[in-house]
Amino acid sequence: MSDGPGIIAVVNIVSDTEAEPGRRTRRFRISSVEVLCAILLIAILAQGWLQDVFDVPALRTGSTVFVAVCVQALPFLVLGVLISGAIAAFVPARVLEKVLPRRAGAAVGVAGLAGVALPGCECASVPVARRLMGQGVAPAAALTFLLAAPAVNPVVLVATAVAFPGKPEMVLARFAGSLATAMVMGWLWARWGKLEWITARALRRLPDVAGGRRWRVFAETARTDLVEAGGFLVLGALISSALNVLVPARWFGVLGDQLVLGVVVLAVLAVVLALCSEADAFVAASLTALPLLPKLVFLVVGPAIDVKLFALQAGTFGRSFAVRFAPATFVVAVACALGAGFLVGVA
Amino acid sequence: MKRETQNILLILLGGALVKIAANGDYLRYVKPAQQPWIIAGGAVMVLLGAVAIVRDLVASRRPALDDPGGHAEYGGHGGHAEYGEHGGRAEYGGHGGHAEYGEHGGRAEYGGHGGHAEYGEHGGHAEYGGRGGPGEHGSHAAHGSEAGLGGPGGHASEVELGGPGEHGGHAAHRDHADHGSPGEHGDHSHSARPAWLLLVPVLAVFLVAPPALGADSVIRTEARAPSSAAVANAAAFPPLPPGNVVPLAVNDFVTRAGWDAAGTLNGRTVSLTGFVVHTGGSTLLARLVISCCAADAFPVTVRLRGGQADHLASDAWIQVTGQIVPGTATKDNSYTPDFTPASVTPVPTPKDPYEY
């Protein structure tokens with residue numbers, strides 16, 4: 001216990017400064033509530049100035065896109081934290097253990113198919129996956145669910161069919177590519193993933209709760225998840241709206257016959273634009289200059305990983321998880337999309 | 001960040017969502033079908049924040065929970081001490097931290113300064129959870145994770161089954177240990193700091209209230225073509241309805257102009273509504289089409305040949321009546337047909353600025 005003395009020293013320092021709040025006569029300290037009030041007051045006083053600053057075309061466009069992404073995604077995040085809270089409060093861990101196969105490999109398959117049945121936005125699936133992990137579901141299976149739920153559900157597939165009428169192979173290839181991405185990532189995690197990459201907070205297991213307390217645990221879990229994930233969602237929205245304005249328009253147009261470059265650029269675009277998985281098919285379809293294969297890559301990569309999701313994952317599962325998982329997902333998604341494209345015959 | 005602050009932020013953000021959904025401003029950002037979602041999402045946010053505030057208030061009035069033998073002192077200072085049940089004691093929920101679930105004889109003390117000591121269960125004993133907290137003084141601190149998060153000596157996560165009576169216990173996985181010297185605040189509200197970002201959309205909605213996308217967005221994304229058109233075939237275009245002037249959506253007009261082999265537009269007078277865009281020496285009438293939210297908007301444009309629109313400012317909304325110049329929408333100009341306006345009338349900005 002070489003660090004024993006250090007710890008004792010720390011305790012002393014803490015109690016010298018501000019431990020034992022209840023026993024001490026209270027001093028006035030600036031807390032976050034006062035900071036919040038100050039920020040609000042300043043912002044209200046500076047409203048005219050703020051509006052002038054944002055009256056530049058690029059900033060105006062960027063701020064509109066930012067608010068749009070927030071307004072679009074927040075309700076889905078709320079749905080996600082409600083499901084997460086419900087799992088925490090009403091689904092004892094042993095039920096989940098019973099339902100899922102014990103072997104991680106098989107559980108990944110079940111989780112992938114569960115994603116098909118549950119329509120969810122990618123923002124909703126992050127807190128749910130985290131809660132599943134906390135309740136004892138194998139991380140590989142929870143991560144497969146995380147990737148599958150937003151990508152292969154019926155709503156997304158119908159949207160794809162509408163955006164690409166007369167091309168059912170796009171729907172099939174998207175389904176196959178996304179499901180393969182989710183499962184391959186699950187299996188990769190089962191084989192090489194390390195639990196310590198995930199922050200302990202995400203893995204924390206809630207004790208099973210008795211009847212009377214369930215609603216309180218439900219509300220409290222949902223609230224905490226929302227505060228944690230919400231901030232990161234906003235961060236993702238900020239990044240994606242900035243990139244939305246900064247990405248040069250010609251990226252969309254001039255790639256016509258360069259297949260490889262098209263694939264690369266659209267994979268990157270899928271990450272930076274951070275579109276909702278229900279909408280990305282329409283955007284892909286609007287890029288008429290491109291062949292179908294790059295568009296398929298766009299559709300498979302987008303729901304699996306984008307800047308908004310990366311921010312959410314970093315916030316929920318920790319940075320050391322996100323910096324490994326996100327690039328791996330990107331590579332696997334591109335590969336699966338290309339594989340599915342060639343198999344199904346999308347050219 | 002304190003619990004109260006988080007709750008206030010949730011109420012503000014939820015309120016912002018409900019507000020724009022109720023007054024129609026949401027149409028600048030998303031499609032109409034989203035309205036019930038936004039209202040429900042905003043309402044749930046307000047509710048979660050409000051319930052937490054009310055419960056904290058009630059708890060601070062009545063510090064000891066009436067559980068058998070339970071003992072919760074000083075839920076305190078923004079923190080809360082919950083569920084000190086079965087003889088458990090939760091003391092000093094502490095500055096913004098919370099000490100929860102001191103169950104089954106467990107004690108969660110000094111939930112502490114922004115950190116939180118949770119789940120001191122099963123006889124466990126999570127003390128000094130908070131900033132500066134050295135993890136556990138922990139006998140059997142099962143799941144005493146994140147006690148002392150970010151405190152000097154660091155993030156003793158997953159302290160499982162710590163040895164009895166030892167300072168620090170057997171910290172099974174001592175992640176990120178020794179980040180920082182004693183006295184450093186470290187990461188003490190690790191999970192809550194990004195929550196400040198929730199303020200950004202609140203300020204954006206209430207103070208800046210960004211307008212709907214307009215000319216700037218059209219110029220930025222010029223190179224993209226209408227999506228519906230990309231795959232349309234002639235059979236999809238029924239003849240235009242009879243009438244002297246046929247009102248058409250710009251998207252419909254452009255699609256027919258580009259892909260309708262039967263030429264249903266030729267020789268017909270139509271009226272279109274959109275905003276003015278000046279680019280590359282020509283004047284366009286444009287409309288943005290969204291499928292989900294403004295982030296996925298793509299423009300549909302019509303080139304106006306002459307008419308008073310040349311003198312109007314960008315982003316001015318107009319209604320034009322006139323006829324198409326047949327054969328002008330090609331792949332090279334991103335399917336922007338030419339249009340000869342017979343009349344150009346300024347109109348107010350519609351509540352619903354996008355096409356879908």
# chains A, B, ... in the order shown; residues from 1 in each chain; ligands from 1
>>> residues_around(residues="Val208 in chain B", least_positions_apart="4", cutoff="9 Å", atoms="only C-alpha atoms", output="MDAnalysis selection string")
(chainID A and resid 47:48 50:51 54 63) or (chainID B and resid 203:204)
>>> write_last_selection(atoms="N, CA and C atoms", output="mmCIF file, in the first residue's frame")
data_model
loop_
_atom_site.group_PDB
_atom_site.id
_atom_site.type_symbol
_atom_site.label_atom_id
_atom_site.label_comp_id
_atom_site.auth_asym_id
_atom_site.auth_seq_id
_atom_site.Cartn_x
_atom_site.Cartn_y
_atom_site.Cartn_z
ATOM 1 N N GLN A 47 -28.621 40.193 -25.503
ATOM 2 C CA GLN A 47 -29.380 39.559 -26.568
ATOM 3 C C GLN A 47 -29.223 40.276 -27.912
ATOM 4 N N GLY A 48 -29.341 41.605 -27.877
ATOM 5 C CA GLY A 48 -29.222 42.363 -29.121
ATOM 6 C C GLY A 48 -27.876 42.127 -29.777
ATOM 7 N N LEU A 50 -25.909 39.561 -29.327
ATOM 8 C CA LEU A 50 -25.864 38.179 -29.800
ATOM 9 C C LEU A 50 -26.516 38.043 -31.163
ATOM 10 N N GLN A 51 -27.661 38.672 -31.283
ATOM 11 C CA GLN A 51 -28.377 38.536 -32.555
ATOM 12 C C GLN A 51 -27.600 39.182 -33.695
ATOM 13 N N PHE A 54 -24.865 36.809 -34.774
ATOM 14 C CA PHE A 54 -25.342 35.657 -35.535
ATOM 15 C C PHE A 54 -26.008 36.053 -36.836
ATOM 16 N N SER A 63 -26.244 27.991 -37.053
ATOM 17 C CA SER A 63 -27.056 27.945 -35.836
ATOM 18 C C SER A 63 -28.405 27.296 -36.116
ATOM 19 N N LEU B 203 -30.153 28.869 -24.933
ATOM 20 C CA LEU B 203 -29.856 30.240 -25.338
ATOM 21 C C LEU B 203 -30.150 30.439 -26.821
ATOM 22 N N ALA B 204 -29.798 29.426 -27.624
ATOM 23 C CA ALA B 204 -30.017 29.550 -29.065
ATOM 24 C C ALA B 204 -31.504 29.714 -29.374
#
>>> closest_atom_pairs(of="range 233-347 of chain B", to="range 283-297 of chain A", cutoff="8 Å", atoms="only C-alpha atoms", output="Markdown table")
| residue | atom | partner | partner_atom | distance |
| --- | --- | --- | --- | --- |
| B:Asp296 | CA | A:Val283 | CA | 6.2 |
| B:Ala297 | CA | A:Val283 | CA | 7.9 |
| B:Phe298 | CA | A:Val283 | CA | 7.5 |
>>> write_last_selection(atoms="N, CA and C atoms", output="PDB file, in the first residue's frame")
ATOM      1  N   ASP B 296     -30.656  17.975 -43.158  1.00  0.00           N
ATOM      2  CA  ASP B 296     -30.639  17.206 -44.402  1.00  0.00           C
ATOM      3  C   ASP B 296     -31.328  17.951 -45.546  1.00  0.00           C
ATOM      4  N   ALA B 297     -31.423  19.266 -45.435  1.00  0.00           N
ATOM      5  CA  ALA B 297     -32.105  20.040 -46.465  1.00  0.00           C
ATOM      6  C   ALA B 297     -31.338  19.999 -47.782  1.00  0.00           C
ATOM      7  N   PHE B 298     -32.062  19.878 -48.889  1.00  0.00           N
ATOM      8  CA  PHE B 298     -31.425  20.107 -50.183  1.00  0.00           C
ATOM      9  C   PHE B 298     -32.299  21.051 -50.995  1.00  0.00           C
TER      10      PHE B 298
END
>>> residues_around(residues="Val227 in chain A", least_positions_apart="6", cutoff="10 Å", atoms="only C-alpha atoms", output="list of chain:residue names")
A:Val81, B:Arg3, B:Gln6, B:Asn7, B:Leu9, B:Leu10, B:Met45, B:Gly49, B:Ser191, B:Ala192, B:Arg193, B:Pro194, B:Ala195, B:Trp196, B:Leu197, B:Leu198
>>> residues_around(residues="Ala140 in chain A", least_positions_apart="4", cutoff="7 Å", atoms="only C-alpha atoms", output="ChimeraX atom specification")
/A:104,108,144,186-187,189-190
>>> write_last_selection(atoms="C-alpha atoms", output="PDB file, in the first residue's frame")
ATOM      1  CA  ALA A 104     -21.488 -13.872 -25.995  1.00  0.00           C
ATOM      2  CA  VAL A 108     -24.671 -10.972 -30.294  1.00  0.00           C
ATOM      3  CA  THR A 144     -24.420  -4.982 -31.259  1.00  0.00           C
ATOM      4  CA  GLY A 186     -20.102  -7.471 -31.482  1.00  0.00           C
ATOM      5  CA  TRP A 187     -17.939 -10.465 -32.277  1.00  0.00           C
ATOM      6  CA  TRP A 189     -15.645  -6.998 -29.035  1.00  0.00           C
ATOM      7  CA  ALA A 190     -16.302 -10.475 -27.658  1.00  0.00           C
TER       8      ALA A 190
END
>>> residues_around(residues="Ile87 in chain A", least_positions_apart="2", cutoff="10 Å", atoms="only C-alpha atoms", output="list in words")
Val81, Leu82, Ile83, Ser84, Gly85, Ala89, Phe90, Val91, Pro92, Ala93, Leu96, Val128, Arg131, Leu132, Gly134, Gln135, Phe218 and Thr221 of chain A
>>> write_last_selection(atoms="C-alpha atoms", output="JSON list (two decimals), in the first residue's frame")
[["chain", "number", "residue", "atom", "x", "y", "z"],
["A", 81, "VAL", "CA", -33.44, 7.50, -21.26],
["A", 82, "LEU", "CA", -37.03, 6.55, -20.43],
["A", 83, "ILE", "CA", -36.38, 3.05, -21.75],
["A", 84, "SER", "CA", -33.11, 3.00, -19.84],
["A", 85, "GLY", "CA", -34.86, 4.09, -16.66],
["A", 89, "ALA", "CA", -36.40, 0.04, -12.39],
["A", 90, "PHE", "CA", -38.60, -2.71, -13.74],
["A", 91, "VAL", "CA", -36.37, -5.34, -15.34],
["A", 92, "PRO", "CA", -34.31, -7.20, -12.78],
["A", 93, "ALA", "CA", -30.90, -8.19, -14.08],
["A", 96, "LEU", "CA", -32.14, -10.30, -18.88],
["A", 128, "VAL", "CA", -30.37, 1.86, -23.66],
["A", 131, "ARG", "CA", -28.22, 0.33, -19.25],
["A", 132, "LEU", "CA", -28.31, -3.15, -20.75],
["A", 134, "GLY", "CA", -25.14, -2.18, -16.49],
["A", 135, "GLN", "CA", -27.79, -4.80, -15.95],
["A", 218, "PHE", "CA", -37.07, 5.13, -12.83],
["A", 221, "THR", "CA", -32.11, 7.04, -13.62]]
>>> closest_residue(among="A:Leu100, A:Cys336, A:Ile305, A:Ala159", to="chain B", atoms="only C-alpha atoms")
A:Ala159
>>> residues_around(residues="Leu288 in chain B", least_positions_apart="2", cutoff="12 Å", atoms="only C-alpha atoms", output="ChimeraX atom specification")
/B:28-31,212-222,224-227,249-251,273-277,285-286,290-291,293-302,315,352-356
>>> write_last_selection(atoms="C-alpha atoms", output="mmCIF file, in the first residue's frame")
data_model
loop_
_atom_site.group_PDB
_atom_site.id
_atom_site.type_symbol
_atom_site.label_atom_id
_atom_site.label_comp_id
_atom_site.auth_asym_id
_atom_site.auth_seq_id
_atom_site.Cartn_x
_atom_site.Cartn_y
_atom_site.Cartn_z
ATOM 1 C CA ARG B 28 -37.966 26.258 -39.185
ATOM 2 C CA TYR B 29 -35.995 23.276 -37.988
ATOM 3 C CA VAL B 30 -37.891 20.038 -38.528
ATOM 4 C CA LYS B 31 -40.819 18.670 -40.459
ATOM 5 C CA ALA B 212 -35.196 28.981 -41.349
ATOM 6 C CA LEU B 213 -32.485 28.092 -43.835
ATOM 7 C CA GLY B 214 -32.398 30.361 -46.843
ATOM 8 C CA ALA B 215 -30.242 31.612 -49.689
ATOM 9 C CA ASP B 216 -26.953 30.921 -47.940
ATOM 10 C CA SER B 217 -27.834 27.267 -47.597
ATOM 11 C CA VAL B 218 -28.916 27.044 -51.231
ATOM 12 C CA ILE B 219 -25.585 28.437 -52.414
ATOM 13 C CA ARG B 220 -23.707 26.070 -50.137
ATOM 14 C CA THR B 221 -25.434 22.990 -51.433
ATOM 15 C CA GLU B 222 -26.049 24.028 -55.027
ATOM 16 C CA ARG B 224 -27.098 18.649 -55.142
ATOM 17 C CA ALA B 225 -30.089 17.702 -57.161
ATOM 18 C CA PRO B 226 -33.641 16.957 -56.097
ATOM 19 C CA SER B 227 -33.733 13.434 -54.777
ATOM 20 C CA ALA B 249 -44.689 22.881 -55.217
ATOM 21 C CA VAL B 250 -41.256 23.890 -56.434
ATOM 22 C CA ASN B 251 -40.019 20.351 -55.843
ATOM 23 C CA THR B 273 -43.713 30.155 -54.111
ATOM 24 C CA GLY B 274 -40.155 30.410 -52.860
ATOM 25 C CA PHE B 275 -37.391 32.791 -51.946
ATOM 26 C CA VAL B 276 -34.974 34.767 -54.076
ATOM 27 C CA VAL B 277 -31.355 33.681 -54.422
ATOM 28 C CA LEU B 285 -36.390 31.067 -57.053
ATOM 29 C CA ALA B 286 -35.505 28.437 -54.479
ATOM 30 C CA ILE B 290 -36.215 18.465 -45.925
ATOM 31 C CA SER B 291 -36.937 14.872 -45.074
ATOM 32 C CA CYS B 293 -34.672 18.160 -40.136
ATOM 33 C CA ALA B 294 -32.864 21.170 -41.556
ATOM 34 C CA ALA B 295 -29.555 19.315 -41.448
ATOM 35 C CA ASP B 296 -30.639 17.206 -44.402
ATOM 36 C CA ALA B 297 -32.105 20.040 -46.465
ATOM 37 C CA PHE B 298 -31.425 20.107 -50.183
ATOM 38 C CA PRO B 299 -32.413 22.896 -52.532
ATOM 39 C CA VAL B 300 -34.701 22.896 -55.524
ATOM 40 C CA THR B 301 -34.195 25.903 -57.758
ATOM 41 C CA VAL B 302 -35.756 27.586 -60.768
ATOM 42 C CA ASP B 315 -34.223 35.588 -49.071
ATOM 43 C CA ASP B 352 -43.916 26.459 -43.069
ATOM 44 C CA PRO B 353 -40.796 27.387 -45.046
ATOM 45 C CA TYR B 354 -39.764 23.971 -46.327
ATOM 46 C CA GLU B 355 -41.176 21.430 -48.717
ATOM 47 C CA TYR B 356 -41.188 17.792 -47.770
#
>>> closest_atom_pairs(of="range 251-334 of chain A", to="range 178-185 of chain A", cutoff="7 Å", atoms="only C-alpha atoms", output="tab-separated table")
residue	atom	partner	partner_atom	distance
A:Val300	CA	A:Ser178	CA	5.4
A:Thr329	CA	A:Met185	CA	6.7
A:Val332	CA	A:Thr181	CA	6.0
A:Ala333	CA	A:Thr181	CA	5.2
>>> select_by_dssp(residues="range 223-348 of chain B", states="strand (DSSP E)", output="compact mmCIF listing (two decimals) with N, CA and C atoms, in the first residue's frame")
# COMPACT_ATOMS: atom_id res chain seq x y z
N VAL B 246 -51.89 26.96 -62.37
CA VAL B 246 -51.85 25.80 -61.50
C VAL B 246 -50.78 26.02 -60.42
N PRO B 247 -51.19 26.07 -59.16
CA PRO B 247 -50.16 26.18 -58.11
C PRO B 247 -49.42 24.86 -57.94
N VAL B 270 -48.06 28.12 -64.40
CA VAL B 270 -48.08 27.62 -63.03
C VAL B 270 -47.68 28.76 -62.09
N SER B 271 -48.02 28.58 -60.83
CA SER B 271 -47.52 29.54 -59.83
C SER B 271 -46.68 28.80 -58.81
N LEU B 272 -45.55 29.42 -58.48
CA LEU B 272 -44.59 28.83 -57.55
C LEU B 272 -44.31 29.82 -56.43
N THR B 273 -44.07 29.29 -55.24
CA THR B 273 -43.71 30.16 -54.11
C THR B 273 -42.36 29.73 -53.57
N GLY B 274 -41.48 30.71 -53.39
CA GLY B 274 -40.16 30.41 -52.86
C GLY B 274 -39.44 31.70 -52.54
N PHE B 275 -38.15 31.58 -52.25
CA PHE B 275 -37.39 32.79 -51.95
C PHE B 275 -36.34 33.05 -53.01
N VAL B 276 -35.90 34.32 -53.05
CA VAL B 276 -34.97 34.77 -54.08
C VAL B 276 -33.54 34.42 -53.67
N VAL B 277 -32.78 33.92 -54.63
CA VAL B 277 -31.35 33.68 -54.42
C VAL B 277 -30.61 34.29 -55.60
N HIS B 278 -29.63 35.13 -55.30
CA HIS B 278 -28.78 35.67 -56.36
C HIS B 278 -27.47 34.92 -56.33
N THR B 279 -27.16 34.27 -57.42
CA THR B 279 -25.88 33.55 -57.45
C THR B 279 -25.37 33.48 -58.88
N SER B 282 -27.17 35.12 -61.88
CA SER B 282 -28.56 34.88 -62.21
C SER B 282 -29.42 34.90 -60.95
N THR B 283 -30.71 35.02 -61.18
CA THR B 283 -31.64 35.08 -60.06
C THR B 283 -32.44 33.78 -60.02
N LEU B 284 -32.44 33.15 -58.87
CA LEU B 284 -33.15 31.89 -58.73
C LEU B 284 -34.34 32.06 -57.80
N LEU B 285 -35.36 31.26 -58.05
CA LEU B 285 -36.39 31.07 -57.05
C LEU B 285 -36.10 29.71 -56.43
N ALA B 286 -35.96 29.67 -55.11
CA ALA B 286 -35.51 28.44 -54.48
C ALA B 286 -36.44 28.02 -53.37
N ARG B 287 -36.38 26.77 -53.08
CA ARG B 287 -37.09 26.23 -51.93
C ARG B 287 -36.21 25.11 -51.39
N LEU B 288 -36.21 24.93 -50.10
CA LEU B 288 -35.44 23.83 -49.54
C LEU B 288 -36.38 22.69 -49.19
N VAL B 289 -35.94 21.48 -49.48
CA VAL B 289 -36.73 20.29 -49.19
C VAL B 289 -36.05 19.55 -48.05
N PHE B 298 -32.06 19.88 -48.89
CA PHE B 298 -31.42 20.11 -50.18
C PHE B 298 -32.30 21.05 -51.00
N PRO B 299 -31.66 21.85 -51.85
CA PRO B 299 -32.41 22.90 -52.53
C PRO B 299 -33.04 22.42 -53.84
N VAL B 300 -34.18 22.99 -54.16
CA VAL B 300 -34.70 22.90 -55.52
C VAL B 300 -34.79 24.33 -56.05
N THR B 301 -34.32 24.53 -57.26
CA THR B 301 -34.20 25.90 -57.76
C THR B 301 -34.74 26.04 -59.17
N VAL B 302 -35.24 27.23 -59.45
CA VAL B 302 -35.76 27.59 -60.77
C VAL B 302 -35.08 28.89 -61.16
N ARG B 303 -34.54 28.95 -62.40
CA ARG B 303 -33.88 30.20 -62.82
C ARG B 303 -34.93 31.13 -63.42
N LEU B 304 -35.02 32.34 -62.87
CA LEU B 304 -36.02 33.30 -63.34
C LEU B 304 -35.42 34.11 -64.48
N TRP B 317 -39.31 36.47 -49.98
CA TRP B 317 -40.25 35.47 -50.47
C TRP B 317 -41.13 36.05 -51.56
N ILE B 318 -41.30 35.29 -52.64
CA ILE B 318 -42.12 35.75 -53.75
C ILE B 318 -43.00 34.62 -54.27
N GLN B 319 -44.07 35.05 -54.92
CA GLN B 319 -44.87 34.09 -55.66
C GLN B 319 -44.77 34.50 -57.13
N VAL B 320 -44.41 33.56 -57.98
CA VAL B 320 -44.30 33.89 -59.40
C VAL B 320 -45.31 33.05 -60.17
N THR B 321 -45.86 33.66 -61.22
CA THR B 321 -46.64 32.86 -62.15
C THR B 321 -45.96 32.98 -63.50
N GLY B 322 -46.03 31.94 -64.27
CA GLY B 322 -45.36 31.98 -65.57
C GLY B 322 -45.23 30.59 -66.14
N GLN B 323 -44.32 30.48 -67.11
CA GLN B 323 -44.19 29.21 -67.81
C GLN B 323 -42.74 28.76 -67.87
N ILE B 324 -42.60 27.47 -67.97
CA ILE B 324 -41.27 26.89 -68.08
C ILE B 324 -40.72 27.11 -69.48
N VAL B 325 -39.40 27.22 -69.58
CA VAL B 325 -38.75 27.18 -70.88
C VAL B 325 -38.38 25.71 -71.10
N ASP B 338 -35.31 26.83 -66.53
CA ASP B 338 -35.56 28.26 -66.72
C ASP B 338 -37.06 28.51 -66.68
N PHE B 339 -37.40 29.70 -66.26
CA PHE B 339 -38.81 30.02 -66.03
C PHE B 339 -39.03 31.45 -66.47
N THR B 340 -40.07 31.67 -67.26
CA THR B 340 -40.38 33.03 -67.67
C THR B 340 -41.53 33.55 -66.83
N PRO B 341 -41.24 34.42 -65.89
CA PRO B 341 -42.32 34.87 -65.02
C PRO B 341 -43.18 35.93 -65.69
N ALA B 342 -44.49 35.76 -65.59
CA ALA B 342 -45.40 36.79 -66.07
C ALA B 342 -45.65 37.79 -64.95
N SER B 343 -45.66 37.30 -63.71
CA SER B 343 -45.82 38.22 -62.59
C SER B 343 -44.98 37.74 -61.43
N VAL B 344 -44.49 38.71 -60.66
CA VAL B 344 -43.72 38.40 -59.45
C VAL B 344 -44.34 39.19 -58.31
N THR B 345 -44.86 38.48 -57.31
CA THR B 345 -45.52 39.16 -56.20
C THR B 345 -44.80 38.84 -54.90
N PRO B 346 -44.34 39.86 -54.18
CA PRO B 346 -43.77 39.57 -52.86
C PRO B 346 -44.84 39.02 -51.92
>>> residues_around(residues="Leu226 in chain A", least_positions_apart="3", cutoff="7 Å", atoms="only C-alpha atoms", output="ChimeraX atom specification")
/A:78,81,222-223,229-230
>>> write_last_selection(atoms="C-alpha atoms", output="compact mmCIF listing (two decimals), in the first residue's frame")
# COMPACT_ATOMS: atom_id res chain seq x y z
CA VAL A 78 -35.64 11.35 -24.02
CA VAL A 81 -33.44 7.50 -21.26
CA ALA A 222 -33.81 8.72 -16.56
CA ARG A 223 -32.92 12.16 -15.22
CA ALA A 229 -26.02 12.19 -22.47
CA GLY A 230 -27.79 15.46 -23.30
>>> select_by_dssp(residues="range 175-332 of chain A", states="helix (DSSP H, G or I)", output="ChimeraX atom specification")
/A:175-192,195-197,200-203,211-246,250-253,259-273,280-286,292-304,307-317,319-332
>>> atom_distance(atom1="CA of Arg205 in chain A", atom2="CA of Met133 in chain A")
8.3 Å
>>> decode(residues="range 136-153 of chain A", atoms="N, CA and C atoms", output="PDB file, in the first residue's frame")
ATOM      1  N   GLY A 136     -26.066  -6.291 -16.734  1.00  0.00           N
ATOM      2  CA  GLY A 136     -25.458  -7.596 -16.827  1.00  0.00           C
ATOM      3  C   GLY A 136     -25.480  -8.237 -18.201  1.00  0.00           C
ATOM      4  N   VAL A 137     -26.013  -7.539 -19.217  1.00  0.00           N
ATOM      5  CA  VAL A 137     -25.951  -8.083 -20.573  1.00  0.00           C
ATOM      6  C   VAL A 137     -24.503  -8.002 -21.041  1.00  0.00           C
ATOM      7  N   ALA A 138     -24.042  -9.032 -21.743  1.00  0.00           N
ATOM      8  CA  ALA A 138     -22.668  -9.031 -22.229  1.00  0.00           C
ATOM      9  C   ALA A 138     -22.432  -7.773 -23.058  1.00  0.00           C
ATOM     10  N   PRO A 139     -21.329  -7.044 -22.801  1.00  0.00           N
ATOM     11  CA  PRO A 139     -21.078  -5.815 -23.546  1.00  0.00           C
ATOM     12  C   PRO A 139     -21.127  -6.031 -25.056  1.00  0.00           C
ATOM     13  N   ALA A 140     -20.625  -7.172 -25.527  1.00  0.00           N
ATOM     14  CA  ALA A 140     -20.645  -7.418 -26.975  1.00  0.00           C
ATOM     15  C   ALA A 140     -22.074  -7.363 -27.509  1.00  0.00           C
ATOM     16  N   ALA A 141     -22.999  -7.975 -26.770  1.00  0.00           N
ATOM     17  CA  ALA A 141     -24.394  -7.984 -27.219  1.00  0.00           C
ATOM     18  C   ALA A 141     -25.001  -6.591 -27.132  1.00  0.00           C
ATOM     19  N   ALA A 142     -24.698  -5.866 -26.054  1.00  0.00           N
ATOM     20  CA  ALA A 142     -25.239  -4.517 -25.912  1.00  0.00           C
ATOM     21  C   ALA A 142     -24.726  -3.611 -27.026  1.00  0.00           C
ATOM     22  N   LEU A 143     -23.458  -3.782 -27.399  1.00  0.00           N
ATOM     23  CA  LEU A 143     -22.894  -2.944 -28.456  1.00  0.00           C
ATOM     24  C   LEU A 143     -23.497  -3.309 -29.807  1.00  0.00           C
ATOM     25  N   THR A 144     -23.754  -4.584 -30.025  1.00  0.00           N
ATOM     26  CA  THR A 144     -24.420  -4.982 -31.259  1.00  0.00           C
ATOM     27  C   THR A 144     -25.796  -4.332 -31.355  1.00  0.00           C
ATOM     28  N   PHE A 145     -26.503  -4.346 -30.232  1.00  0.00           N
ATOM     29  CA  PHE A 145     -27.807  -3.693 -30.205  1.00  0.00           C
ATOM     30  C   PHE A 145     -27.663  -2.210 -30.509  1.00  0.00           C
ATOM     31  N   LEU A 146     -26.656  -1.603 -29.901  1.00  0.00           N
ATOM     32  CA  LEU A 146     -26.393  -0.176 -30.113  1.00  0.00           C
ATOM     33  C   LEU A 146     -26.252   0.142 -31.597  1.00  0.00           C
ATOM     34  N   LEU A 147     -25.559  -0.718 -32.337  1.00  0.00           N
ATOM     35  CA  LEU A 147     -25.313  -0.454 -33.753  1.00  0.00           C
ATOM     36  C   LEU A 147     -26.484  -0.884 -34.621  1.00  0.00           C
ATOM     37  N   ALA A 148     -27.179  -1.938 -34.206  1.00  0.00           N
ATOM     38  CA  ALA A 148     -28.227  -2.480 -35.071  1.00  0.00           C
ATOM     39  C   ALA A 148     -29.523  -1.675 -34.975  1.00  0.00           C
ATOM     40  N   ALA A 149     -29.895  -1.279 -33.753  1.00  0.00           N
ATOM     41  CA  ALA A 149     -31.216  -0.672 -33.566  1.00  0.00           C
ATOM     42  C   ALA A 149     -31.486   0.515 -34.483  1.00  0.00           C
ATOM     43  N   PRO A 150     -30.555   1.469 -34.615  1.00  0.00           N
ATOM     44  CA  PRO A 150     -30.886   2.599 -35.472  1.00  0.00           C
ATOM     45  C   PRO A 150     -30.767   2.289 -36.961  1.00  0.00           C
ATOM     46  N   ALA A 151     -30.095   1.207 -37.317  1.00  0.00           N
ATOM     47  CA  ALA A 151     -29.722   1.023 -38.718  1.00  0.00           C
ATOM     48  C   ALA A 151     -30.637   0.087 -39.489  1.00  0.00           C
ATOM     49  N   VAL A 152     -31.185  -0.904 -38.845  1.00  0.00           N
ATOM     50  CA  VAL A 152     -31.895  -1.928 -39.617  1.00  0.00           C
ATOM     51  C   VAL A 152     -33.375  -2.027 -39.245  1.00  0.00           C
ATOM     52  N   ASN A 153     -33.895  -1.019 -38.540  1.00  0.00           N
ATOM     53  CA  ASN A 153     -35.295  -1.158 -38.154  1.00  0.00           C
ATOM     54  C   ASN A 153     -36.226  -0.835 -39.321  1.00  0.00           C
TER      55      ASN A 153
END
